[in-house]
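Colleague: Data: work.tsv, TSV, C-alpha atoms.
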chain	number	residue	atom	x	y	z
A	1	MET	CA	149.03	61.50	125.90
A	2	GLN	CA	148.66	65.02	124.52
A	3	PRO	CA	147.66	67.42	127.32
A	4	THR	CA	144.42	69.38	127.24
A	5	ARG	CA	144.89	73.11	127.74
A	6	VAL	CA	142.22	74.51	130.06
A	7	ILE	CA	141.52	77.82	131.77
A	8	GLY	CA	140.11	77.75	135.30
A	9	LEU	CA	138.28	80.85	136.54
A	10	MET	CA	137.32	81.40	140.16
A	11	SER	CA	136.22	84.19	142.47
A	12	GLY	CA	135.56	83.19	146.05
A	13	THR	CA	133.60	84.61	148.93
A	14	SER	CA	136.28	87.22	149.61
A	15	VAL	CA	135.39	88.79	146.22
A	16	ASP	CA	139.04	89.79	145.81
A	17	GLY	CA	138.94	89.40	142.04
A	18	ILE	CA	138.99	86.72	139.37
A	19	ASP	CA	141.70	84.08	139.78
A	20	ALA	CA	142.64	82.75	136.34
A	21	ALA	CA	144.81	79.69	135.83
A	22	LEU	CA	146.01	78.41	132.44
A	23	VAL	CA	146.92	74.74	132.79
A	24	ASP	CA	147.84	71.65	130.80
A	25	ILE	CA	146.05	68.55	132.10
A	26	THR	CA	146.74	64.86	131.48
A	27	GLY	CA	145.43	61.68	133.10
A	28	THR	CA	142.05	61.17	134.72
A	29	ASP	CA	142.29	60.11	138.39
A	30	ILE	CA	145.29	58.78	140.29
A	31	ASP	CA	147.43	59.58	137.23
A	32	LEU	CA	146.05	63.13	137.03
A	33	GLN	CA	148.75	65.70	136.35
A	34	VAL	CA	148.41	69.46	136.07
A	35	GLU	CA	151.02	71.94	134.88
A	36	LEU	CA	150.34	75.59	135.71
A	37	LEU	CA	151.43	77.68	132.72
A	38	ALA	CA	150.16	81.05	133.94
A	39	GLY	CA	148.22	82.35	136.92
A	40	GLU	CA	146.93	85.84	137.59
A	41	THR	CA	144.32	87.58	139.73
A	42	TYR	CA	142.34	90.26	137.93
A	43	PRO	CA	140.63	92.72	140.30
A	44	TYR	CA	136.99	93.53	139.83
A	45	PRO	CA	136.18	97.10	138.84
A	46	PRO	CA	135.60	98.75	142.25
A	47	GLN	CA	131.96	99.64	141.59
A	48	LEU	CA	131.14	96.07	140.51
A	49	ARG	CA	132.90	94.64	143.58
A	50	ASP	CA	130.90	96.94	145.84
A	51	ARG	CA	127.65	95.79	144.21
A	52	ILE	CA	128.61	92.11	144.61
A	53	LEU	CA	129.46	92.59	148.28
A	54	ALA	CA	126.17	94.41	148.86
A	55	ILE	CA	124.23	91.51	147.32
A	56	CYS	CA	126.20	89.02	149.41
A	57	ALA	CA	125.27	91.07	152.48
A	58	GLY	CA	121.57	90.64	151.65
A	59	GLU	CA	120.78	93.94	149.90
A	60	ALA	CA	117.56	93.70	147.90
A	61	ILE	CA	117.88	94.32	144.16
A	62	SER	CA	115.52	94.12	141.20
A	63	MET	CA	115.63	91.39	138.58
A	64	ALA	CA	116.85	94.00	136.09
A	65	GLU	CA	119.81	94.81	138.37
A	66	LEU	CA	120.52	91.11	138.87
A	67	ALA	CA	120.61	90.57	135.10
A	68	GLU	CA	122.91	93.56	134.64
A	69	ILE	CA	125.35	92.33	137.32
A	70	ASP	CA	125.22	88.76	135.98
A	71	ASN	CA	126.28	90.00	132.55
A	72	ALA	CA	128.92	92.37	133.98
A	73	ILE	CA	130.53	89.51	135.91
A	74	ALA	CA	130.50	87.28	132.83
A	75	LEU	CA	132.27	89.97	130.81
A	76	VAL	CA	135.08	90.48	133.34
A	77	PHE	CA	135.49	86.69	133.62
A	78	ALA	CA	135.74	86.48	129.84
A	79	GLU	CA	138.31	89.28	129.82
A	80	ALA	CA	140.36	87.42	132.44
A	81	ALA	CA	140.28	84.29	130.25
A	82	GLN	CA	141.47	86.26	127.25
A	83	ASN	CA	144.25	88.00	129.18
A	84	ILE	CA	145.68	84.84	130.78
A	85	GLN	CA	146.29	83.35	127.31
A	86	VAL	CA	148.42	86.24	126.04
A	87	GLY	CA	151.79	84.86	125.01
A	88	ASN	CA	150.60	81.23	125.27
A	89	THR	CA	149.02	78.71	122.95
A	90	PRO	CA	145.25	79.21	123.33
A	91	ALA	CA	143.13	76.96	125.54
A	92	THR	CA	140.40	74.70	124.17
A	93	LEU	CA	138.21	74.70	127.30
A	94	ILE	CA	137.23	77.01	130.14
A	95	GLY	CA	135.94	75.98	133.56
A	96	SER	CA	134.31	78.95	135.27
A	97	HIS	CA	133.04	78.76	138.85
A	98	GLY	CA	131.55	82.24	138.65
A	99	GLN	CA	130.82	84.44	141.64
A	100	THR	CA	128.76	83.03	144.50
A	101	VAL	CA	126.25	85.58	145.80
A	102	TYR	CA	123.97	83.25	147.76
A	103	HIS	CA	124.34	79.82	149.34
A	104	LEU	CA	121.63	77.92	151.22
A	105	PRO	CA	122.64	74.47	152.54
A	106	PRO	CA	120.01	71.71	152.64
A	107	ASP	CA	118.40	71.03	156.00
A	108	LYS	CA	119.04	67.32	156.48
A	109	SER	CA	116.56	67.19	159.38
A	110	GLN	CA	113.70	68.01	157.02
A	111	GLN	CA	112.51	64.81	155.37
A	112	ASN	CA	108.99	65.37	154.06
A	113	PRO	CA	109.26	67.12	151.70
A	114	PRO	CA	113.05	66.80	151.56
A	115	SER	CA	115.05	69.98	151.93
A	116	ILE	CA	116.97	70.93	148.78
A	117	GLY	CA	119.83	73.39	149.00
A	118	TYR	CA	120.40	76.31	146.68
A	119	SER	CA	123.53	78.08	145.49
A	120	LEU	CA	123.72	80.95	143.02
A	121	GLN	CA	126.83	81.79	141.03
A	122	LEU	CA	126.71	84.77	138.67
A	123	GLY	CA	128.72	85.14	135.46
A	124	ARG	CA	126.91	83.31	132.66
A	125	GLY	CA	128.93	80.61	130.96
A	126	THR	CA	127.24	81.15	127.60
A	127	VAL	CA	128.46	84.77	127.57
A	128	ILE	CA	132.00	83.71	128.46
A	129	ALA	CA	131.97	81.07	125.70
A	130	ASN	CA	130.91	83.52	123.03
A	131	GLN	CA	133.19	86.33	124.19
A	132	THR	CA	136.23	84.04	124.16
A	133	ASN	CA	135.19	81.65	121.37
A	134	ILE	CA	136.05	78.76	123.73
A	135	THR	CA	133.69	76.07	125.03
A	136	THR	CA	132.89	77.00	128.63
A	137	ILE	CA	131.61	74.83	131.47
A	138	SER	CA	130.00	76.64	134.39
A	139	ASN	CA	127.35	76.31	137.12
A	140	PHE	CA	129.12	73.38	138.75
A	141	ARG	CA	127.29	73.24	142.08
A	142	VAL	CA	123.69	72.66	140.98
A	143	ALA	CA	124.06	69.02	139.90
A	144	ASP	CA	125.42	67.98	143.30
A	145	ILE	CA	122.69	69.96	145.08
A	146	ALA	CA	120.00	68.29	142.95
A	147	VAL	CA	121.01	64.86	144.32
A	148	GLY	CA	120.92	65.95	147.94
A	149	GLY	CA	124.39	67.46	148.32
A	150	HIS	CA	125.54	70.81	149.62
A	151	GLY	CA	127.33	71.66	146.38
A	152	ALA	CA	130.30	72.31	148.67
A	153	PRO	CA	133.12	71.71	149.31
A	154	LEU	CA	133.26	70.89	145.62
A	155	VAL	CA	136.97	70.40	144.92
A	156	SER	CA	137.62	67.46	147.25
A	157	ARG	CA	137.93	64.92	144.45
A	158	VAL	CA	140.53	67.11	142.76
A	159	ASP	CA	142.37	67.50	146.08
A	160	ALA	CA	142.36	63.73	146.52
A	161	TYR	CA	144.00	62.99	143.18
A	162	LEU	CA	146.48	65.87	143.19
A	163	LEU	CA	147.46	66.06	146.88
A	164	SER	CA	147.04	62.64	148.48
A	165	HIS	CA	150.04	60.78	149.91
A	166	ASP	CA	151.02	57.09	150.03
A	167	GLN	CA	151.60	57.11	153.79
A	168	GLN	CA	150.42	60.36	155.37
A	169	PHE	CA	147.01	61.61	156.49
A	170	SER	CA	146.53	65.06	154.97
A	171	CYS	CA	144.22	68.02	155.51
A	172	ILE	CA	143.96	70.34	152.53
A	173	GLN	CA	142.80	73.56	154.18
A	174	ASN	CA	141.58	76.31	151.90
A	175	ILE	CA	141.26	79.69	153.59
A	176	GLY	CA	139.26	81.98	151.35
A	177	GLY	CA	136.40	84.10	152.62
A	178	ILE	CA	135.09	80.85	154.08
A	179	GLY	CA	137.43	78.05	155.16
A	180	ASN	CA	137.00	74.51	153.89
A	181	VAL	CA	138.95	71.33	154.43
A	182	THR	CA	139.42	68.00	152.66
A	183	TYR	CA	140.74	65.23	154.93
A	184	ILE	CA	142.53	62.59	152.88
A	185	PRO	CA	143.80	59.27	154.28
A	186	PRO	CA	146.80	57.53	152.71
A	187	ARG	CA	146.10	55.91	149.35
A	188	SER	CA	144.99	52.33	149.99
A	189	ASP	CA	141.92	50.13	149.46
A	190	ASN	CA	138.71	52.20	149.37
A	191	TRP	CA	140.61	55.33	150.41
A	192	LEU	CA	138.27	57.62	148.47
A	193	THR	CA	135.32	56.48	150.59
A	194	LYS	CA	137.19	57.51	153.76
A	195	ILE	CA	137.68	61.13	152.72
A	196	LEU	CA	135.88	63.78	154.74
A	197	ALA	CA	135.26	67.40	153.82
A	198	TRP	CA	133.35	70.38	155.15
A	199	ASP	CA	133.34	74.15	155.45
A	200	THR	CA	135.19	74.93	158.68
A	201	GLY	CA	133.64	78.40	159.10
A	202	PRO	CA	135.02	81.91	158.59
A	203	GLY	CA	138.30	82.18	156.75
A	204	ASN	CA	139.07	85.75	155.74
A	205	SER	CA	135.47	87.02	155.59
A	206	LEU	CA	135.23	88.57	159.05
A	207	LEU	CA	138.85	89.75	159.02
A	208	ASP	CA	138.44	91.53	155.68
A	209	LEU	CA	135.20	93.20	156.75
A	210	ALA	CA	136.77	94.38	160.00
A	211	VAL	CA	139.87	95.76	158.24
A	212	GLN	CA	137.68	97.61	155.75
A	213	GLU	CA	135.67	99.14	158.60
A	214	PHE	CA	138.67	100.02	160.78
A	215	SER	CA	140.53	101.61	157.83
A	216	ASN	CA	137.44	103.45	156.51
A	217	GLY	CA	137.74	101.48	153.28
A	218	ALA	CA	141.42	102.28	152.70
A	219	LYS	CA	142.37	98.59	153.10
A	220	ASN	CA	140.59	95.44	151.98
A	221	TYR	CA	142.61	92.93	154.03
A	222	ASP	CA	145.31	92.62	156.69
A	223	HIS	CA	148.53	92.16	154.71
A	224	ASN	CA	150.49	89.23	156.21
A	225	GLY	CA	148.36	89.60	159.33
A	226	GLU	CA	150.57	92.52	160.36
A	227	TRP	CA	147.78	94.56	161.99
A	228	ALA	CA	146.41	91.58	163.93
A	229	SER	CA	149.91	90.53	165.02
A	230	ALA	CA	150.26	93.87	166.86
A	231	GLY	CA	147.31	92.95	169.11
A	232	ASN	CA	146.45	90.32	171.68
A	233	PRO	CA	143.55	87.88	171.19
A	234	CYS	CA	140.76	87.94	173.78
A	235	LEU	CA	140.30	84.25	174.51
A	236	PRO	CA	137.00	84.58	176.45
A	237	LEU	CA	135.49	86.16	173.33
A	238	VAL	CA	136.84	83.38	171.12
A	239	GLU	CA	135.30	80.79	173.45
A	240	LYS	CA	131.96	82.61	173.30
A	241	TRP	CA	131.97	82.84	169.50
A	242	LEU	CA	132.89	79.16	169.15
A	243	LYS	CA	129.59	78.26	170.80
A	244	GLN	CA	127.85	79.23	167.55
A	245	ASP	CA	125.70	76.29	166.39
A	246	TYR	CA	127.43	75.87	163.03
A	247	PHE	CA	130.74	74.86	164.59
A	248	HIS	CA	129.07	71.90	166.31
A	249	LEU	CA	127.17	70.50	163.31
A	250	PRO	CA	128.75	67.27	162.02
A	251	PRO	CA	129.93	67.17	158.39
A	252	PRO	CA	129.05	67.18	155.60
A	253	LYS	CA	128.16	70.84	156.03
A	254	SER	CA	128.62	74.16	154.24
A	255	THR	CA	128.21	77.82	155.02
A	256	GLY	CA	128.86	81.27	153.57
A	257	ARG	CA	128.63	85.01	154.05
A	258	GLU	CA	124.94	84.51	154.83
A	259	LEU	CA	126.13	83.42	158.28
A	260	PHE	CA	129.71	84.68	158.63
A	261	GLY	CA	129.21	88.11	157.11
A	262	VAL	CA	128.32	91.67	158.03
A	263	ASN	CA	125.72	90.83	160.69
A	264	TYR	CA	128.04	88.34	162.39
A	265	LEU	CA	130.83	90.93	162.46
A	266	ARG	CA	128.43	93.49	163.96
A	267	GLN	CA	127.73	91.06	166.80
A	268	CYS	CA	131.46	90.40	167.26
A	269	LEU	CA	132.18	94.12	167.51
A	270	GLN	CA	129.34	94.58	169.96
A	271	ASP	CA	130.63	91.70	172.09
A	272	SER	CA	134.12	93.19	172.10
A	273	GLN	CA	132.95	96.43	173.72
A	274	ALA	CA	132.85	94.74	177.11
A	275	TYR	CA	136.62	94.07	176.98
A	276	ASP	CA	138.07	97.50	176.07
A	277	LEU	CA	139.99	96.09	173.09
A	278	SER	CA	142.06	98.01	170.58
A	279	ARG	CA	141.44	97.53	166.87
A	280	ALA	CA	144.56	95.35	166.67
A	281	ASP	CA	143.24	93.26	169.59
A	282	ILE	CA	139.91	92.77	167.78
A	283	LEU	CA	141.67	91.67	164.58
A	284	ALA	CA	143.86	89.30	166.60
A	285	THR	CA	140.73	87.88	168.26
A	286	ILE	CA	138.93	87.37	164.94
A	287	THR	CA	142.07	85.70	163.56
A	288	GLU	CA	142.08	83.46	166.61
A	289	LEU	CA	138.45	82.52	165.89
A	290	THR	CA	139.40	81.43	162.37
A	291	ALA	CA	142.39	79.42	163.62
A	292	ASN	CA	140.48	77.79	166.48
A	293	SER	CA	137.44	76.98	164.33
A	294	ILE	CA	139.72	75.10	161.93
A	295	VAL	CA	141.66	73.18	164.57
A	296	ASN	CA	138.62	72.45	166.74
A	297	SER	CA	136.81	70.98	163.76
A	298	TYR	CA	139.72	68.58	163.20
A	299	CYS	CA	139.62	67.55	166.86
A	300	ASN	CA	135.85	67.12	166.85
A	301	PHE	CA	135.24	65.40	163.53
A	302	LEU	CA	138.36	63.40	162.67
A	303	GLN	CA	139.15	59.99	164.14
A	304	ARG	CA	142.82	60.94	164.10
A	305	MET	CA	144.69	64.18	163.49
A	306	PRO	CA	146.47	64.63	160.16
A	307	ASP	CA	150.20	64.24	159.72
A	308	ARG	CA	150.29	67.40	157.64
A	309	VAL	CA	148.08	70.39	156.82
A	310	LEU	CA	148.48	71.97	153.39
A	311	LEU	CA	147.15	75.53	153.27
A	312	CYS	CA	145.89	77.30	150.15
A	313	GLY	CA	143.81	80.35	149.32
A	314	GLY	CA	144.42	83.95	150.35
A	315	GLY	CA	144.66	83.06	154.03
A	316	SER	CA	147.71	80.88	153.36
A	317	ARG	CA	149.64	84.14	152.83
A	318	ASN	CA	148.62	85.50	156.24
A	319	PHE	CA	151.77	84.73	158.26
A	320	TYR	CA	150.15	85.55	161.58
A	321	LEU	CA	147.22	83.20	160.93
A	322	LYS	CA	149.58	80.47	159.70
A	323	ASN	CA	151.68	80.81	162.85
A	324	ARG	CA	148.59	80.60	165.07
A	325	LEU	CA	147.52	77.43	163.26
A	326	GLN	CA	150.96	75.88	163.69
A	327	LEU	CA	150.94	76.69	167.40
A	328	LEU	CA	147.49	75.19	167.91
A	329	LEU	CA	148.30	72.08	165.85
A	330	GLY	CA	151.51	71.32	167.73
A	331	LYS	CA	153.48	68.55	166.05
A	332	VAL	CA	151.33	68.51	162.91
A	333	THR	CA	153.33	69.90	159.97
A	334	VAL	CA	151.77	73.04	158.48
A	335	LEU	CA	152.80	73.81	154.89
A	336	THR	CA	151.19	75.36	151.85
A	337	THR	CA	150.29	73.48	148.68
A	338	ASP	CA	153.17	75.41	147.05
A	339	ASP	CA	155.48	73.14	149.05
A	340	VAL	CA	154.13	70.06	147.25
A	341	GLY	CA	153.93	71.51	143.75
A	342	ILE	CA	150.42	72.97	143.51
A	343	SER	CA	150.03	76.75	143.56
A	344	ALA	CA	148.39	77.85	146.82
A	345	ALA	CA	147.21	81.08	145.22
A	346	PHE	CA	145.56	79.38	142.24
A	347	LYS	CA	144.63	75.93	143.54
A	348	GLU	CA	140.89	76.65	143.44
A	349	ALA	CA	141.06	77.99	139.88
A	350	ILE	CA	143.11	74.94	138.91
A	351	ALA	CA	140.46	72.71	140.50
A	352	PHE	CA	137.70	74.18	138.34
A	353	ALA	CA	139.84	73.68	135.26
A	354	VAL	CA	140.06	70.00	136.25
A	355	LEU	CA	136.31	69.79	136.91
A	356	ALA	CA	135.65	71.18	133.43
A	357	TYR	CA	138.12	68.69	131.95
A	358	TRP	CA	136.35	65.82	133.74
A	359	ARG	CA	132.95	67.09	132.57
A	360	GLN	CA	134.14	67.04	128.98
A	361	LEU	CA	135.38	63.47	129.44
A	362	GLY	CA	132.13	62.36	131.11
A	363	ILE	CA	133.78	61.76	134.50
A	364	PRO	CA	131.81	62.59	137.69
A	365	GLY	CA	133.35	65.47	139.59
A	366	ASN	CA	131.70	65.37	143.00
A	367	LEU	CA	132.63	63.24	145.98
A	368	PRO	CA	129.44	62.23	147.84
A	369	VAL	CA	131.25	61.60	151.14
A	370	ALA	CA	132.37	65.24	150.97
A	371	THR	CA	129.19	67.00	149.86
A	372	GLY	CA	126.50	64.68	151.26
A	373	ALA	CA	125.12	63.91	147.79
A	374	ASN	CA	123.29	60.65	147.15
A	375	GLN	CA	125.44	59.73	144.16
A	376	GLU	CA	128.28	60.73	141.88
A	377	VAL	CA	127.21	63.07	139.08
A	378	LEU	CA	128.66	65.02	136.19
A	379	LEU	CA	129.26	68.61	137.29
A	380	GLY	CA	128.79	71.70	135.18
A	381	GLU	CA	126.70	72.94	132.29
A	382	VAL	CA	128.36	72.92	128.87
A	383	HIS	CA	128.18	76.06	126.72
A	384	GLN	CA	129.37	75.47	123.19
A	385	VAL	CA	130.51	78.34	121.03
A	386	GLN	CA	127.73	79.50	118.71
A	387	VAL	CA	128.81	79.48	115.06
Using structure tokens, write down the structure from this file.
Modeller:
Amino acid sequence: MQPTRVIGLMSGTSVDGIDAALVDITGTDIDLQVELLAGETYPYPPQLRDRILAICAGEAISMAELAEIDNAIALVFAEAAQNIQVGNTPATLIGSHGQTVYHLPPDKSQQNPPSIGYSLQLGRGTVIANQTNITTISNFRVADIAVGGHGAPLVSRVDAYLLSHDQQFSCIQNIGGIGNVTYIPPRSDNWLTKILAWDTGPGNSLLDLAVQEFSNGAKNYDHNGEWASAGNPCLPLVEKWLKQDYFHLPPPKSTGRELFGVNYLRQCLQDSQAYDLSRADILATITELTANSIVNSYCNFLQRMPDRVLLCGGGSRNFYLKNRLQLLLGKVTVLTTDDVGISAAFKEAIAFAVLAYWRQLGIPGNLPVATGANQEVLLGEVHQVQV
């Protein structure tokens, strides 16, 4: 079978930049194979990143400003797609997640009328298609939300086919701005129906915000967790923060910067004043919150612990956080998806390339047991090139 060459574009809640992955894809489900030909992260122009972060933090803007930012994001996504192809045979399809600026999960306790979630990703697919002259599929979350799902975590089906194991129970733990996990049992009868997935809580979001504040904007993140590793976590604070209602909600569930953002960090910093902590201590404590929220969710919501945890996303490169996870997980093996052949840095971008590929083939992309949707649906809106 001749592979389909696809570009996946993704920018997560950390708003680090646009992750672009150029991949060749063959197969459809259990025979799915992906070859990463090129991967690169293209930073946002600083002014655009600042505007995105302000919107994510709840700053009010006019519709004219929203339209301007929507177009600006589409143009930098299109530029990333063009750049990732340089020196390679061009792609025939683009899957663009866009930039999430707002996410509202459905309230499953509200029945009449039923609560419907909402998620907004900026970066119009039709602009990307016409800038690149490549068919673009975007706006992946809305179809799942329309049938009662959270629209998140949305890549669990891709995780299942690319990263499942014949014998081992696996947790695929993405640590972006927000953490999310896909729990995959060994491949057997009805194994897809036994998958679980949910957003575990803060990934890098609080850490990045704290580093930016402590460095007066000179740093955007804690490289390798070096700053946090110089401090000592305050466990009473971690225990207090883990009482937050979200951590105790059963999956499926999703969250975002609307909860674990600037206001949450402000409360964390206020709480820390009672303990006379250094900045390194505070970063170590916030890191401990991320690690404990992940591990506690496994203990609370899984019938059995995984045999292995495969990390991906920016947080997988934080050595201090990875070491804290390994310590808390004990005998569970903690690796990255790099160790099993899927790029940890570009796994999410790869996943949206696959979702676009499935959309073109008419294959549903969501996993209802993961998102809480009522049914499987095709994901993404197709934007053909205008000729």
Colleague: Counting all atoms listed in the file, figure out which residue out of A:Asn174, A:Asn224, A:Asn130, A:Asn83 gets nearest to Leu335 (chain A).
Modeller: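 When distances to Leu335 (chain A) are compared using all atoms listed in the file, the smallest one comes from A:Asn174.
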Colleague: Find the spatial neighbours of Ala284 (chain A), counting only C-alpha atoms, within a cut-off of 6 Å - ignore same-chain residues fewer than 5 positions away - and output them as a CSV table (one decimal) with C-alpha atoms, in the frame of the given file.
Modeller:
chain,number,residue,atom,x,y,z
A,228,ALA,CA,146.4,91.6,163.9
A,231,GLY,CA,147.3,93.0,169.1
A,232,ASN,CA,146.4,90.3,171.7
A,233,PRO,CA,143.6,87.9,171.2
Colleague: Under the rule that all atoms listed in the file are counted, which of A:Val382, A:Ile195, A:Ala274, A:Val34 is the nearest residue to Gln303 (chain A)?
Modeller: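 Of A:Val382, A:Ile195, A:Ala274, A:Val34, the one nearest Gln303 (chain A), counting all atoms listed in the file, is A:Ile195.
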Colleague: Select, from A:Gly151, A:Pro250, A:Gly95, A:Pro202, the residue with the minimum atom-to-atom distance to Arg359 (chain A), counting only C-alpha atoms.
Modeller: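 Residue with the minimum atom-to-atom distance to Arg359 (chain A): A:Gly95.
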Colleague: Between A:Arg157, A:Ala373, A:Arg324, A:Ile350, which is the closest to Ile30 (chain A) once you count only C-alpha atoms?
Modeller: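 Ranking A:Arg157, A:Ala373, A:Arg324, A:Ile350 by distance to Ile30 (chain A), first place goes to A:Arg157.
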Colleague: Fewer than 2 positions away in the same chain doesn't count, so skip those; otherwise give me all residues within 9 Å of Phe247 (chain A), counting all atoms listed in the file, as a compact mmCIF listing (two decimals) with C-alpha atoms, in the frame of the given file.
Modeller:
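Output (out04.txt):
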# COMPACT_ATOMS: atom_id res chain seq x y z
CA THR A 200 135.19 74.93 158.68
CA GLY A 201 133.64 78.40 159.10
CA LEU A 242 132.89 79.16 169.15
CA LYS A 243 129.59 78.26 170.80
CA GLN A 244 127.85 79.23 167.55
CA ASP A 245 125.70 76.29 166.39
CA LEU A 249 127.17 70.50 163.31
CA PRO A 250 128.75 67.27 162.02
CA SER A 293 137.44 76.98 164.33
CA ASN A 296 138.62 72.45 166.74
CA SER A 297 136.81 70.98 163.76
Colleague: Find the residues around region 109-115 of chain A up to 12 Å (all atoms listed in the file counted), leave out those fewer than 5 positions away in its own chain, and share them as a CSV table (one decimal) with C-alpha atoms, keeping the file's coordinate frame.
Modeller:
chain,number,residue,atom,x,y,z
A,104,LEU,CA,121.6,77.9,151.2
A,145,ILE,CA,122.7,70.0,145.1
A,146,ALA,CA,120.0,68.3,143.0
A,147,VAL,CA,121.0,64.9,144.3
A,148,GLY,CA,120.9,66.0,147.9
A,149,GLY,CA,124.4,67.5,148.3
A,150,HIS,CA,125.5,70.8,149.6
A,249,LEU,CA,127.2,70.5,163.3
Colleague: Between A:Ser119, A:Thr290, A:Gln267, A:Ser138, which one has atoms that come closest to Tyr102 (chain A), using only C-alpha atoms?
Modeller: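 Once distances to Tyr102 (chain A) are computed over only C-alpha atoms, the minimum belongs to A:Ser119.
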Colleague: Hey, could you make a per-residue contact list for region 106-192 of chain A against region 306-315 of chain A with 12 Å as the cut-off, showing the nearest pair of atoms and its distance in Å to one decimal, counting all atoms listed in the file, sorted by chain and number, as a tab-separated table?
Modeller:
residue	atom	partner	partner_atom	distance
A:Asp159	CA	A:Leu310	CA	10.5
A:Leu163	CA	A:Leu310	CA	8.9
A:Ser164	CA	A:Leu310	CA	10.6
A:His165	CA	A:Arg308	CA	10.2
A:Gln167	CA	A:Asp307	CA	9.4
A:Gln168	CA	A:Asp307	CA	5.8
A:Phe169	CA	A:Pro306	CA	4.8
A:Ser170	CA	A:Arg308	CA	5.2
A:Cys171	CA	A:Val309	CA	4.7
A:Ile172	CA	A:Leu310	CA	4.9
A:Gln173	CA	A:Leu311	CA	4.9
A:Asn174	CA	A:Cys312	CA	4.8
A:Ile175	CA	A:Gly315	CA	4.8
A:Gly176	CA	A:Gly313	CA	5.2
A:Gly177	CA	A:Gly314	CA	8.3
A:Ile178	CA	A:Gly315	CA	9.8
A:Gly179	CA	A:Gly315	CA	8.9
A:Asn180	CA	A:Cys312	CA	10.0
A:Val181	CA	A:Leu311	CA	9.3
A:Thr182	CA	A:Val309	CA	9.9
A:Tyr183	CA	A:Pro306	CA	7.8
A:Ile184	CA	A:Pro306	CA	8.5
A:Pro185	CA	A:Pro306	CA	8.4
A:Pro186	CA	A:Asp307	CA	10.3
Colleague: Hey, can you check how far CA of Gly225 (chain A) sits from CA of Asn318 (chain A)?
Modeller: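 Distance reported for this atom pair: 5.1 Å.
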Colleague: From the set A:Asp339, A:Glu239, A:Asp107, A:Asp222, which residue has the shortest atom-to-atom contact distance to Arg279 (chain A), counting only C-alpha atoms?
Modeller: A:Asp222
Colleague: Please, what distance in Å, to one decimal, runs between CA of Leu36 (chain A) and CA of Ala91 (chain A)?
Modeller: 12.5 Å
Colleague: Centre and edge lengths, as lines of an AutoDock Vina configuration file, for the axis-aligned box enclosing every listed atom of region 327-337 of chain A with 3 Å of padding on each of the six sides, in Å to one decimal?
Modeller:
center_x = 150.5
center_y = 72.6
center_z = 158.3
size_x = 12.0
size_y = 14.2
size_z = 25.2
Colleague: What does the structure give for the distance between CA of Trp241 (chain A) and CA of Leu289 (chain A), in Å to one decimal?
Modeller: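 Going from CA of Trp241 (chain A) over to CA of Leu289 (chain A) covers 7.4 Å.
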